[in-house]
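Heads up, the thing below is written out as structure tokens.
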Amino acid sequence: MIRRNPITGDPILFAPHRAERPNVFHEATVCPFCSGSEAHTPPELAHIGEPWRIRVFPNKYPATDVHEVIVESPRHDATFDSLTLDDATNAVRMYATRYRAHGDACVTIFKNHGAAAGASIAHMHSQLIATSFVPPRIAREIDAFTRAERCLLCEPIGDVIDETSQFTWVAPHASSFAYEQWIVPRVHANELSSDHAGELALLLQRASAAMRDIGDAFNWIFMNFRNAPAAHWYVQIFSRQAVLAGFEIGSGSAIEVIDPAAVAERFRAQRRQ
Ligand SMILES: [Zn+2]
Ligand SMILES: [Zn+2]
């Protein structure tokens, strides 16, 4: 159910049943995402491999009508960077397939890694939420892309950490979170596709390793812009070092405490090791 901020009209997803989610992050219970626990999840929507290596099913405690869980490995202790490149590539292909499975809805795909990043289950997974409305952040960014004379992401935006023929992994000069990085396609497109999935998977694996070196919690978010050809899609990745404090919440402005140039240098140095 959607409620609205009384002043701005910004949508709020009202989902009180999510409060019933068991918080099993640190508890030794049966993990519903492990191989052999398939009966503990709602009926499967898709999988890759026999037996499965990537599995998709509806979230048991959905925030909207379309809220999916994408488990990228049957192994409980897997991390994205510990997958084979083949499995990581298939995970990216699955993100793209599920992104396209929901017609014209606005689809957000994201990963919460670690309790401080919002994960309630330790077993690696990503999630997909489709909304009938365009979320305020997406709307704002589409508006900015549409008003700009030249595409804002076809231009350099920061210190390059690594690149492939199709993607650039960069620490933006102005970032909202410590150790923030973006993976940006080098050819203009407004939404994720399965083209060049292997190259994107490789950079996501390197970013995952870099994030786990910084701390035990990170998020990544696929910023897609459905029906907005002027916009340029990207993946935003950031470590969860600090909680959002009063000024950030009160003002909507971030305070940057880690120099992105140093972040890029640190991650580049890791790549050289
Ligand atoms: Zn598990
Ligand atoms: Zn562009």
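Every chain in the structure tokens has a letter given in the order shown (A, B, ...), and although residue numbers restart at 1 in each chain, ligands are simply numbered from 1 in the order shown.
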Can you write out as CSV which residues of chain A fall within 7 Å of ligand 1, alongside each residue's closest atom pair and its distance in Å to one decimal, counting only C-alpha atoms and all ligand atoms and ordering rows by chain and ascending residue number?
```
residue,atom,partner,partner_atom_place_in_ligand_line,distance
A:Cys31,CA,ligand 1,1 (Zn),4.5
A:Pro32,CA,ligand 1,1 (Zn),6.3
A:Phe33,CA,ligand 1,1 (Zn),4.7
A:Cys34,CA,ligand 1,1 (Zn),3.7
A:Arg75,CA,ligand 1,1 (Zn),6.3
A:His76,CA,ligand 1,1 (Zn),3.7
A:His123,CA,ligand 1,1 (Zn),4.6
```
Q: Grab me every residue within 7 Å of ligand 2, counting only C-alpha atoms and all ligand atoms, and send it over as a PyMOL selection string.
A: chain A and resi 151-154+187-189+231-232
Save out the residues we just selected, N, CA and C atoms, as a PDB file, in the first residue's frame.
```
ATOM      1  N   CYS A 151      24.809  14.367 -22.119  1.00  0.00           N
ATOM      2  CA  CYS A 151      24.603  13.352 -21.082  1.00  0.00           C
ATOM      3  C   CYS A 151      25.637  13.496 -19.963  1.00  0.00           C
ATOM      4  N   LEU A 152      25.131  13.522 -18.737  1.00  0.00           N
ATOM      5  CA  LEU A 152      25.980  13.767 -17.571  1.00  0.00           C
ATOM      6  C   LEU A 152      26.913  12.596 -17.278  1.00  0.00           C
ATOM      7  N   LEU A 153      26.572  11.399 -17.748  1.00  0.00           N
ATOM      8  CA  LEU A 153      27.418  10.238 -17.465  1.00  0.00           C
ATOM      9  C   LEU A 153      28.184   9.752 -18.693  1.00  0.00           C
ATOM     10  N   CYS A 154      28.007  10.424 -19.838  1.00  0.00           N
ATOM     11  CA  CYS A 154      28.897  10.154 -20.964  1.00  0.00           C
ATOM     12  C   CYS A 154      30.186  10.963 -20.777  1.00  0.00           C
ATOM     13  N   VAL A 187      29.047   3.065 -23.102  1.00  0.00           N
ATOM     14  CA  VAL A 187      28.162   3.418 -24.216  1.00  0.00           C
ATOM     15  C   VAL A 187      26.804   3.774 -23.625  1.00  0.00           C
ATOM     16  N   HIS A 188      26.253   4.887 -24.069  1.00  0.00           N
ATOM     17  CA  HIS A 188      25.017   5.389 -23.487  1.00  0.00           C
ATOM     18  C   HIS A 188      23.854   4.384 -23.591  1.00  0.00           C
ATOM     19  N   ALA A 189      23.199   4.125 -22.480  1.00  0.00           N
ATOM     20  CA  ALA A 189      21.988   3.293 -22.446  1.00  0.00           C
ATOM     21  C   ALA A 189      21.247   3.648 -21.168  1.00  0.00           C
ATOM     22  N   ALA A 231      18.488   9.353 -20.021  1.00  0.00           N
ATOM     23  CA  ALA A 231      19.220   8.996 -18.800  1.00  0.00           C
ATOM     24  C   ALA A 231      20.229   7.896 -19.081  1.00  0.00           C
ATOM     25  N   HIS A 232      21.226   7.771 -18.206  1.00  0.00           N
ATOM     26  CA  HIS A 232      22.350   6.845 -18.389  1.00  0.00           C
ATOM     27  C   HIS A 232      22.421   5.972 -17.139  1.00  0.00           C
TER      28      HIS A 232
END
```
Q: Could you pull out the residues in range 3-162 of chain A that DSSP calls strand (DSSP E) from the backbone, as a ChimeraX atom specification?
A: /A:3-4,11-13,46-48,54-58,66-71,106-113,126-131,158-162
Output as a tab-separated table one row per residue of range 52-158 of chain A within 10 Å of range 7-21 of chain A: the closest atom pair and its distance in Å to one decimal place, counting only C-alpha atoms, sorted by chain and residue number ascending.
```
residue	atom	partner	partner_atom	distance
A:Lys60	CA	A:Arg21	CA	8.5
A:Tyr61	CA	A:Arg18	CA	5.3
A:Pro62	CA	A:Arg18	CA	7.0
A:Ala63	CA	A:Ala15	CA	5.4
A:Thr64	CA	A:Leu13	CA	7.3
A:Ser120	CA	A:Arg21	CA	8.0
A:Ile121	CA	A:Arg21	CA	10.0
A:Thr131	CA	A:Leu13	CA	9.2
A:Phe133	CA	A:Pro11	CA	8.0
A:Val134	CA	A:Pro11	CA	9.2
A:Pro135	CA	A:Pro11	CA	7.4
A:Pro136	CA	A:Asp10	CA	6.6
A:Arg137	CA	A:Asp10	CA	9.9
```
For the residues in the current selection, export N, CA and C atoms as an mmCIF file, in the first residue's frame.
```cif
data_model
loop_
_atom_site.group_PDB
_atom_site.id
_atom_site.type_symbol
_atom_site.label_atom_id
_atom_site.label_comp_id
_atom_site.auth_asym_id
_atom_site.auth_seq_id
_atom_site.Cartn_x
_atom_site.Cartn_y
_atom_site.Cartn_z
ATOM 1 N N LYS A 60 9.145 -13.507 0.980
ATOM 2 C CA LYS A 60 8.087 -14.005 1.855
ATOM 3 C C LYS A 60 7.374 -12.863 2.575
ATOM 4 N N TYR A 61 8.061 -11.743 2.720
ATOM 5 C CA TYR A 61 7.497 -10.572 3.425
ATOM 6 C C TYR A 61 7.573 -9.375 2.482
ATOM 7 N N PRO A 62 6.754 -9.366 1.422
ATOM 8 C CA PRO A 62 6.942 -8.370 0.359
ATOM 9 C C PRO A 62 6.605 -6.940 0.788
ATOM 10 N N ALA A 63 7.383 -5.995 0.229
ATOM 11 C CA ALA A 63 7.103 -4.574 0.456
ATOM 12 C C ALA A 63 6.124 -4.049 -0.585
ATOM 13 N N THR A 64 6.061 -4.715 -1.759
ATOM 14 C CA THR A 64 5.115 -4.344 -2.816
ATOM 15 C C THR A 64 4.579 -5.649 -3.409
ATOM 16 N N SER A 120 18.673 -9.176 6.457
ATOM 17 C CA SER A 120 18.183 -9.895 7.638
ATOM 18 C C SER A 120 18.567 -11.373 7.557
ATOM 19 N N ILE A 121 19.107 -11.792 6.409
ATOM 20 C CA ILE A 121 19.598 -13.162 6.243
ATOM 21 C C ILE A 121 21.025 -13.062 5.709
ATOM 22 N N THR A 131 7.704 -0.934 -8.497
ATOM 23 C CA THR A 131 6.696 0.000 -7.985
ATOM 24 C C THR A 131 5.901 0.556 -9.161
ATOM 25 N N PHE A 133 4.798 3.521 -9.141
ATOM 26 C CA PHE A 133 5.190 4.938 -9.256
ATOM 27 C C PHE A 133 6.681 5.016 -9.572
ATOM 28 N N VAL A 134 7.112 6.153 -10.096
ATOM 29 C CA VAL A 134 8.541 6.388 -10.298
ATOM 30 C C VAL A 134 9.088 6.941 -8.978
ATOM 31 N N PRO A 135 9.994 6.228 -8.317
ATOM 32 C CA PRO A 135 10.497 6.700 -7.014
ATOM 33 C C PRO A 135 11.123 8.097 -7.138
ATOM 34 N N PRO A 136 11.026 8.913 -6.082
ATOM 35 C CA PRO A 136 11.482 10.305 -6.156
ATOM 36 C C PRO A 136 12.925 10.466 -6.625
ATOM 37 N N ARG A 137 13.821 9.582 -6.168
ATOM 38 C CA ARG A 137 15.224 9.739 -6.594
ATOM 39 C C ARG A 137 15.364 9.495 -8.091
#
```
With 10 Å as the cut-off and only C-alpha atoms counted, what is the closest atom pair between each nearby residue of range 55-95 of chain A and range 99-114 of chain A? Distances in Å to one decimal, ordered by chain and number, as JSON lines.
```
{"residue": "A:Val66", "atom": "CA", "partner": "A:His102", "partner_atom": "CA", "distance": 8.3}
{"residue": "A:His67", "atom": "CA", "partner": "A:Val107", "partner_atom": "CA", "distance": 9.5}
{"residue": "A:Glu68", "atom": "CA", "partner": "A:Ile109", "partner_atom": "CA", "distance": 9.2}
{"residue": "A:Val69", "atom": "CA", "partner": "A:Ile109", "partner_atom": "CA", "distance": 9.7}
{"residue": "A:Ile70", "atom": "CA", "partner": "A:Lys111", "partner_atom": "CA", "distance": 9.4}
{"residue": "A:Thr79", "atom": "CA", "partner": "A:His113", "partner_atom": "CA", "distance": 9.0}
{"residue": "A:Phe80", "atom": "CA", "partner": "A:His113", "partner_atom": "CA", "distance": 9.8}
{"residue": "A:Arg93", "atom": "CA", "partner": "A:Tyr99", "partner_atom": "CA", "distance": 9.7}
{"residue": "A:Met94", "atom": "CA", "partner": "A:Tyr99", "partner_atom": "CA", "distance": 8.3}
{"residue": "A:Tyr95", "atom": "CA", "partner": "A:Tyr99", "partner_atom": "CA", "distance": 6.0}
```
